[in-house]
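Okay, so here's the structure we're looking at.
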Amino acid sequence: MRTTKLGVDGPEVGVIGLGCMGMTWAYDPNGRDDLASVEVLRSALDLGVTLIDTADVYGPFDNEELVGTGLAGGYRERAVLATKVGLVRGTDGARVGNDGRPEHVRRSIDESLRRLGTDYVDLYQLHRVDPAVPVEETWGAMAEAVAAGKVRRLGLSEVTVEQIQRAAAVHPVTSVQSELSLWTRDALAEVVPYTEANGIAFLPFSPLGRGFLAGRFGSAADLPADDWRSTLPRFQEDALAANQVLVDTVRRIADGYGATPAQVALAWVVAQGRYVVPIPGTKTPKYLADNAAAADLTLSAADLAELDALPAPVGDRY
């Protein structure tokens with residue numbers, strides 16, 4: 001796979017990464033298949049998809065355990081492994097809130113390393129800034145993990161430019177993770193230009209619009225039972241119908257390249273900057289291979305312009 005760097009000073013990674021949340025939580029919970037997910041994790045590395053992204057809150061906790069299983073037996077050394085801290089959920093999976101207290105960070109990194117079965121993670125990310133704790137305090141505790149050899153680099157998620165700057169005054173920021181796709185382009189206004197100008201990697205999650213831009217969901221009835229997406233405004237029937245114009249355009253452009261809609265949607269994301277590495281999630285080998293092949297697709301200036309001009313989606317993100 002074509003590669004880039006995780007920011008100007010970061011390690012080399014494939015230009016397409018792998019998000020692991022859906023392997024154990026939120027998406028099609030009744031279709032969980034740990035054996036297939038382990039196969040996906042290992043096949044990803046064979047395909048050059050080296051950035052593997054998880055978080056302690058996914059599950060909670062069992063996503064890191066699954067990733068640890070998948071990377072056992074020599075696979076860990078081939079991965080650029082990323083996890084996160086700062087969001088907490090109850091044992092029933094219900095959202096509890098943010099926790100950026102230094103003591104929570106210090107405890108959480110050790111627990112994450114144990115679940116992942118590794119001595120260090122390549123990228124430790126603050127999942128959300130805790131409004132009750134200055135970001136400098138949380139970031140300082142995360143920097144302690146770097147000094148202790150438990151973490152190689154630090155990243156942020158869903159932050160403003162000001163928050164990036166405040167964190168960077170304490171310790172270098174390697175990456176910023178936020179939602180970015182053809183139906184969520186907010187980060188292009190300020191955050192992506194700032195990361196590009198400062199040599200910081202940008203890691204788009206949900207780059208396929210939670211599967212919508214791949215053309216997999218034409219109506220709410222297409223969603224699996226008990227799927228979290230059914231609660232989101234953009235996956236309500238009226239919004240899905242209104243947003244089909246985005247998929248129709250992506251599909252038409254894909255046909256011109258002999259590609260899939262998912263590959264066009266991902267190629268558009270990759271084109272947004274030197275260090276932009278989307279992390280589409282999947283637990284299916286077929287979709288993994290489809291997503292990885294997007295690294296070989298370069299869209300023309302005319303096609304990029306047409307995609308840029310697509311209307312904003314109907315419905316809020318959450």
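Residues are named by chain letter and number: chains run A, B, ... in the order of the structure tokens, numbers start at 1 in each chain, and ligands are numbered from 1 in the order shown.
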| field | Close residues, Gly256 in chain A itself excluded, 12 Å, only C-alpha atoms, min 6 positions apart in chain, as a PyMOL selection string | value | chain A and resi 249-250+264+297+299-300+303
Grab the residues selected above and save them as a PDB file, in the first residue's frame with N, CA and C atoms.
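The result, stored in selection.pdb:
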ATOM      1  N   THR A 249     -24.093  10.499  -6.616  1.00  0.00           N
ATOM      2  CA  THR A 249     -22.943  11.156  -7.249  1.00  0.00           C
ATOM      3  C   THR A 249     -21.680  10.333  -7.065  1.00  0.00           C
ATOM      4  N   VAL A 250     -21.461   9.848  -5.852  1.00  0.00           N
ATOM      5  CA  VAL A 250     -20.280   9.024  -5.578  1.00  0.00           C
ATOM      6  C   VAL A 250     -20.303   7.768  -6.451  1.00  0.00           C
ATOM      7  N   VAL A 264     -14.160   5.584  -3.803  1.00  0.00           N
ATOM      8  CA  VAL A 264     -14.202   7.005  -4.180  1.00  0.00           C
ATOM      9  C   VAL A 264     -14.332   7.880  -2.941  1.00  0.00           C
ATOM     10  N   LEU A 297      -6.392   4.621  -5.729  1.00  0.00           N
ATOM     11  CA  LEU A 297      -7.281   5.448  -6.558  1.00  0.00           C
ATOM     12  C   LEU A 297      -6.943   6.924  -6.389  1.00  0.00           C
ATOM     13  N   LEU A 299      -8.229  10.526  -7.675  1.00  0.00           N
ATOM     14  CA  LEU A 299      -9.338  11.188  -8.354  1.00  0.00           C
ATOM     15  C   LEU A 299      -8.845  12.394  -9.148  1.00  0.00           C
ATOM     16  N   SER A 300      -9.491  12.657 -10.270  1.00  0.00           N
ATOM     17  CA  SER A 300      -9.134  13.813 -11.092  1.00  0.00           C
ATOM     18  C   SER A 300      -9.558  15.099 -10.383  1.00  0.00           C
ATOM     19  N   ASP A 303     -13.265  15.611 -10.731  1.00  0.00           N
ATOM     20  CA  ASP A 303     -14.087  14.786  -9.857  1.00  0.00           C
ATOM     21  C   ASP A 303     -14.000  15.258  -8.412  1.00  0.00           C
TER      22      ASP A 303
END
### Message
Quick check for you: according to DSSP on this backbone, which residues of range 77-318 of chain A are classed as strand (DSSP E)? Reply as an MDAnalysis selection string.
### Response
chainID A and resid 80:85 87:89 95:98 121:126 151:157 175:179 201:205
Near Arg153 in chain A, counting only C-alpha atoms, which residues have an atom at most 12 Å away, once you skip same-chain residues fewer than 4 positions from it, shown as a PyMOL selection string?
chain A and resi 6-7+9-11+80-84+120-126+139+142-149+171-176+200-201
Contact residues around range 28-42 of chain A with only C-alpha atoms at 10 Å, ignoring same-chain residues under 3 positions, as a PDB file with C-alpha atoms, in the first residue's frame:
ATOM      1  CA  LEU A  18      -8.497   0.449  10.345  1.00  0.00           C
ATOM      2  CA  GLY A  19     -11.014   1.532  12.965  1.00  0.00           C
ATOM      3  CA  CYS A  20     -11.990  -1.311  15.290  1.00  0.00           C
ATOM      4  CA  GLY A  22     -17.619  -1.762  15.205  1.00  0.00           C
ATOM      5  CA  MET A  23     -16.027  -5.138  15.839  1.00  0.00           C
ATOM      6  CA  THR A  24     -17.521  -5.217  19.327  1.00  0.00           C
ATOM      7  CA  TRP A  25     -19.840  -2.255  19.786  1.00  0.00           C
ATOM      8  CA  LEU A  45      -1.425  -5.818   8.110  1.00  0.00           C
ATOM      9  CA  ASP A  46      -0.823  -8.044   5.096  1.00  0.00           C
ATOM     10  CA  LEU A  47      -2.546  -5.400   2.946  1.00  0.00           C
ATOM     11  CA  VAL A  49      -3.215  -1.216   6.590  1.00  0.00           C
ATOM     12  CA  THR A  50      -0.886  -0.657   9.529  1.00  0.00           C
ATOM     13  CA  ILE A  52      -4.967   0.055  13.995  1.00  0.00           C
ATOM     14  CA  ASN A  63     -12.499  -4.004  21.984  1.00  0.00           C
ATOM     15  CA  LEU A  66     -10.062  -8.353  20.912  1.00  0.00           C
ATOM     16  CA  VAL A  67      -7.411  -6.201  19.238  1.00  0.00           C
ATOM     17  CA  GLY A  68      -4.833  -7.634  21.628  1.00  0.00           C
ATOM     18  CA  THR A  69      -5.860 -11.128  20.606  1.00  0.00           C
ATOM     19  CA  GLY A  70      -5.684 -10.252  16.930  1.00  0.00           C
ATOM     20  CA  LEU A  71      -2.206  -8.766  17.224  1.00  0.00           C
ATOM     21  CA  ALA A  72      -0.739 -11.602  19.301  1.00  0.00           C
ATOM     22  CA  TYR A  75       1.486  -9.233  14.539  1.00  0.00           C
ATOM     23  CA  ARG A  76       1.897  -6.484  17.140  1.00  0.00           C
ATOM     24  CA  ARG A  78       3.850  -4.882  12.359  1.00  0.00           C
ATOM     25  CA  ALA A  79       1.138  -2.525  13.586  1.00  0.00           C
ATOM     26  CA  LEU A 223     -29.858  -1.388   9.155  1.00  0.00           C
ATOM     27  CA  PRO A 224     -29.241  -4.477  11.304  1.00  0.00           C
ATOM     28  CA  ALA A 225     -31.463  -4.978  14.334  1.00  0.00           C
ATOM     29  CA  ASP A 226     -30.442  -2.962  17.414  1.00  0.00           C
ATOM     30  CA  ASP A 227     -27.856  -1.028  15.408  1.00  0.00           C
ATOM     31  CA  TRP A 228     -26.855   2.246  17.096  1.00  0.00           C
ATOM     32  CA  ARG A 229     -27.068   4.096  13.777  1.00  0.00           C
ATOM     33  CA  THR A 282     -15.080  -3.031   9.263  1.00  0.00           C
ATOM     34  CA  LYS A 283     -15.275  -6.566  10.591  1.00  0.00           C
ATOM     35  CA  THR A 284     -15.674  -8.102   7.135  1.00  0.00           C
ATOM     36  CA  PRO A 285     -12.697  -9.272   5.014  1.00  0.00           C
ATOM     37  CA  LYS A 286     -14.483  -8.266   1.801  1.00  0.00           C
ATOM     38  CA  TYR A 287     -14.956  -4.665   2.920  1.00  0.00           C
ATOM     39  CA  LEU A 288     -11.429  -4.530   4.313  1.00  0.00           C
ATOM     40  CA  ALA A 289      -9.998  -5.375   0.884  1.00  0.00           C
TER      41      ALA A 289
END
As JSON, numbers by chain, which residues of range 93-127 of chain A does DSSP assign to alpha helix (DSSP H)? {"A": [102, 103, 104, 105, 106, 107, 108, 109, 110, 111, 112, 113, 114, 115, 116]}
For those residues, write all heavy atoms to a file as a tab-separated table (two decimals), in the first residue's frame.
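Output below, filename part.tsv:
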chain	number	residue	atom	x	y	z
A	102	PRO	N	-5.87	13.44	35.76
A	102	PRO	CA	-4.57	12.77	35.62
A	102	PRO	C	-4.55	11.38	36.24
A	102	PRO	O	-3.95	10.45	35.66
A	102	PRO	CB	-3.61	13.73	36.34
A	102	PRO	CG	-4.23	15.08	36.14
A	102	PRO	CD	-5.71	14.84	36.25
A	103	GLU	N	-5.20	11.20	37.38
A	103	GLU	CA	-5.19	9.88	38.00
A	103	GLU	C	-5.93	8.85	37.14
A	103	GLU	O	-5.56	7.67	37.12
A	103	GLU	CB	-5.79	9.93	39.41
A	103	GLU	CG	-7.20	10.47	39.50
A	103	GLU	CD	-7.28	11.96	39.78
A	103	GLU	OE1	-6.38	12.71	39.30
A	103	GLU	OE2	-8.24	12.39	40.45
A	104	HIS	N	-6.95	9.30	36.42
A	104	HIS	CA	-7.66	8.38	35.52
A	104	HIS	C	-6.75	7.99	34.35
A	104	HIS	O	-6.71	6.82	33.96
A	104	HIS	CB	-8.93	9.05	34.99
A	104	HIS	CG	-9.67	8.22	33.99
A	104	HIS	ND1	-10.36	7.07	34.32
A	104	HIS	CD2	-9.81	8.35	32.64
A	104	HIS	CE1	-10.89	6.54	33.24
A	104	HIS	NE2	-10.57	7.29	32.21
A	105	VAL	N	-6.01	8.94	33.80
A	105	VAL	CA	-5.09	8.66	32.70
A	105	VAL	C	-4.02	7.66	33.15
A	105	VAL	O	-3.72	6.68	32.45
A	105	VAL	CB	-4.44	9.95	32.20
A	105	VAL	CG1	-3.33	9.64	31.20
A	105	VAL	CG2	-5.48	10.87	31.56
A	106	ARG	N	-3.43	7.90	34.32
A	106	ARG	CA	-2.35	7.04	34.81
A	106	ARG	C	-2.83	5.60	35.01
A	106	ARG	O	-2.12	4.64	34.69
A	106	ARG	CB	-1.79	7.60	36.10
A	106	ARG	CG	-1.14	8.96	35.95
A	106	ARG	CD	-0.56	9.47	37.26
A	106	ARG	NE	-0.08	10.84	37.12
A	106	ARG	CZ	-0.63	11.89	37.74
A	106	ARG	NH1	-1.67	11.72	38.55
A	106	ARG	NH2	-0.13	13.10	37.55
A	107	ARG	N	-4.03	5.46	35.52
A	107	ARG	CA	-4.58	4.12	35.73
A	107	ARG	C	-4.97	3.48	34.40
A	107	ARG	O	-4.73	2.28	34.16
A	107	ARG	CB	-5.80	4.21	36.66
A	107	ARG	CG	-6.47	2.86	36.95
A	107	ARG	CD	-7.59	3.00	37.96
A	107	ARG	NE	-8.69	3.82	37.46
A	107	ARG	CZ	-8.97	5.05	37.87
A	107	ARG	NH1	-8.20	5.64	38.78
A	107	ARG	NH2	-9.98	5.72	37.37
A	108	SER	N	-5.56	4.28	33.51
A	108	SER	CA	-6.11	3.73	32.27
A	108	SER	C	-5.04	3.22	31.33
A	108	SER	O	-5.26	2.21	30.64
A	108	SER	CB	-6.96	4.80	31.57
A	108	SER	OG	-8.10	5.12	32.35
A	109	ILE	N	-3.89	3.89	31.24
A	109	ILE	CA	-2.88	3.42	30.31
A	109	ILE	C	-2.38	2.04	30.72
A	109	ILE	O	-2.19	1.15	29.87
A	109	ILE	CB	-1.70	4.42	30.16
A	109	ILE	CG1	-0.70	3.90	29.12
A	109	ILE	CG2	-1.03	4.69	31.48
A	109	ILE	CD1	-1.26	3.64	27.75
A	110	ASP	N	-2.21	1.80	31.99
A	110	ASP	CA	-1.76	0.48	32.44
A	110	ASP	C	-2.80	-0.59	32.13
A	110	ASP	O	-2.46	-1.71	31.70
A	110	ASP	CB	-1.47	0.50	33.94
A	110	ASP	CG	-0.23	1.30	34.28
A	110	ASP	OD1	0.64	1.46	33.39
A	110	ASP	OD2	-0.12	1.77	35.43
A	111	GLU	N	-4.08	-0.25	32.32
A	111	GLU	CA	-5.15	-1.21	32.03
A	111	GLU	C	-5.24	-1.47	30.53
A	111	GLU	O	-5.46	-2.61	30.10
A	111	GLU	CB	-6.46	-0.69	32.59
A	111	GLU	CG	-6.48	-0.62	34.12
A	111	GLU	CD	-7.72	0.06	34.67
A	111	GLU	OE1	-8.46	0.67	33.88
A	111	GLU	OE2	-7.94	-0.02	35.89
A	112	SER	N	-5.06	-0.43	29.71
A	112	SER	CA	-5.10	-0.63	28.27
A	112	SER	C	-3.96	-1.52	27.80
A	112	SER	O	-4.15	-2.42	26.96
A	112	SER	CB	-5.04	0.72	27.54
A	112	SER	OG	-6.26	1.42	27.66
A	113	LEU	N	-2.76	-1.30	28.33
A	113	LEU	CA	-1.62	-2.12	27.94
A	113	LEU	C	-1.86	-3.58	28.31
A	113	LEU	O	-1.53	-4.49	27.53
A	113	LEU	CB	-0.35	-1.61	28.61
A	113	LEU	CG	0.16	-0.24	28.15
A	113	LEU	CD1	1.38	0.17	28.97
A	113	LEU	CD2	0.49	-0.24	26.66
A	114	ARG	N	-2.45	-3.81	29.46
A	114	ARG	CA	-2.74	-5.19	29.87
A	114	ARG	C	-3.74	-5.84	28.92
A	114	ARG	O	-3.53	-6.98	28.47
A	114	ARG	CB	-3.30	-5.21	31.30
A	114	ARG	CG	-3.75	-6.59	31.77
A	114	ARG	CD	-4.33	-6.54	33.17
A	114	ARG	NE	-5.43	-5.60	33.28
A	114	ARG	CZ	-6.68	-5.85	32.87
A	114	ARG	NH1	-6.97	-7.01	32.31
A	114	ARG	NH2	-7.63	-4.94	33.03
A	115	ARG	N	-4.81	-5.13	28.59
A	115	ARG	CA	-5.82	-5.71	27.69
A	115	ARG	C	-5.26	-5.93	26.28
A	115	ARG	O	-5.61	-6.90	25.60
A	115	ARG	CB	-7.05	-4.79	27.64
A	115	ARG	CG	-7.88	-4.82	28.90
A	115	ARG	CD	-9.17	-4.06	28.73
A	115	ARG	NE	-8.97	-2.63	28.60
A	115	ARG	CZ	-9.02	-1.77	29.61
A	115	ARG	NH1	-9.25	-2.21	30.85
A	115	ARG	NH2	-8.85	-0.47	29.41
A	116	LEU	N	-4.41	-5.02	25.83
A	116	LEU	CA	-3.84	-5.12	24.48
A	116	LEU	C	-2.69	-6.12	24.42
A	116	LEU	O	-2.25	-6.47	23.32
A	116	LEU	CB	-3.37	-3.74	24.02
A	116	LEU	CG	-4.47	-2.73	23.71
A	116	LEU	CD1	-3.90	-1.32	23.64
A	116	LEU	CD2	-5.18	-3.09	22.40
Using only C-alpha atoms, the best pick from A:Val57, A:Met21, A:Val151, A:Ala294 as closest to Tyr257 in chain A would be A:Ala294
Exercise. Select, from A:Gly117, A:Pro261, A:Pro204, A:Gly218, the residue with the minimum atom-to-atom distance to Asp290 in chain A, counting only C-alpha atoms.
Key: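 Among the listed residues, the smallest separation from Asp290 in chain A belongs to A:Pro261.
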Practice item. Name all residues at most 8 Å from Asp296 in chain A (count only C-alpha atoms; drop same-chain ones fewer than 3 positions away) and give them as a list in words. Key: Met1, Arg2 and Ala293 of chain A
Smallest atom-to-atom distance to Ala262 in chain A: which of A:Leu232, A:Val277, A:Val245, A:Leu213, using only C-alpha atoms?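 Closest to Ala262 in chain A, using only C-alpha atoms: A:Leu213.
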Nearest to Thr231 in chain A, restricted to only C-alpha atoms and choosing among A:Asp316, A:Leu87, A:Asp255, A:His127, comes out as A:Asp316
Residue with the minimum atom-to-atom distance to Gly59 in chain A, picked from A:Glu77, A:Leu154, A:Pro311, A:Ala26 with only C-alpha atoms counted, is A:Ala26
- prompt: In Å, how far is it from CA of Pro313 in chain A to CA of Leu246 in chain A?
  reply: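 These atoms are spaced 8.0 Å apart.
Distances from A:Ser43, A:Phe235, A:Ile253, A:Ala214 to Leu266 in chain A were compared using only C-alpha atoms, and the smallest one belongs to A:Ala214.
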List as JSON lines every residue of range 110-140 of chain A that is in contact with range 158-169 of chain A, defined as an atom at most 12 Å from one of its atoms (using only C-alpha atoms), together with the nearest atom pair and the distance in Å rounded to one decimal, sorted by chain and then rising number.
{"residue": "A:Gln125", "atom": "CA", "partner": "A:Glu158", "partner_atom": "CA", "distance": 10.5}
{"residue": "A:Leu126", "atom": "CA", "partner": "A:Glu158", "partner_atom": "CA", "distance": 9.0}
{"residue": "A:His127", "atom": "CA", "partner": "A:Glu158", "partner_atom": "CA", "distance": 7.4}
{"residue": "A:Arg128", "atom": "CA", "partner": "A:Glu158", "partner_atom": "CA", "distance": 6.3}
{"residue": "A:Val129", "atom": "CA", "partner": "A:Val159", "partner_atom": "CA", "distance": 7.3}
{"residue": "A:Asp130", "atom": "CA", "partner": "A:Val159", "partner_atom": "CA", "distance": 10.9}
{"residue": "A:Pro131", "atom": "CA", "partner": "A:Gln163", "partner_atom": "CA", "distance": 11.2}
{"residue": "A:Pro134", "atom": "CA", "partner": "A:Arg166", "partner_atom": "CA", "distance": 9.4}
{"residue": "A:Val135", "atom": "CA", "partner": "A:Ala167", "partner_atom": "CA", "distance": 6.5}
{"residue": "A:Glu136", "atom": "CA", "partner": "A:Ala167", "partner_atom": "CA", "distance": 5.7}
{"residue": "A:Glu137", "atom": "CA", "partner": "A:Ala167", "partner_atom": "CA", "distance": 9.1}
{"residue": "A:Thr138", "atom": "CA", "partner": "A:Ala167", "partner_atom": "CA", "distance": 8.9}
{"residue": "A:Trp139", "atom": "CA", "partner": "A:Ala167", "partner_atom": "CA", "distance": 6.2}
{"residue": "A:Gly140", "atom": "CA", "partner": "A:Ala167", "partner_atom": "CA", "distance": 8.4}
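For Pro233 in chain A, the list of residues within 10 Å, based on only C-alpha atoms and with local chain neighbours fewer than 2 positions off taken out, reads Arg229, Ser230, Thr231, Phe235, Gln236, Glu237, Asp238, Ala239, Leu240, Val314, Gly315, Asp316, Arg317 and Tyr318 of chain A.
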A straight line from CA of Ala220 in chain A to CA of Leu307 in chain A spans 24.5 Å
- Query: For the atom pair CA of Gly258 in chain A and CA of Thr4 in chain A, what is the interatomic distance in Å to one decimal place?
  - Reply: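 Result for CA of Gly258 in chain A versus CA of Thr4 in chain A: 24.9 Å, one decimal.
Within 8 Å of Leu180 in chain A, once only C-alpha atoms are used and residues closer than 3 positions along the same chain are dropped, the contacting residues are Trp183, Thr184, Arg185, Asp186, Ala187, Pro204, Phe205, Ser206, Pro207 and Val269 of chain A.
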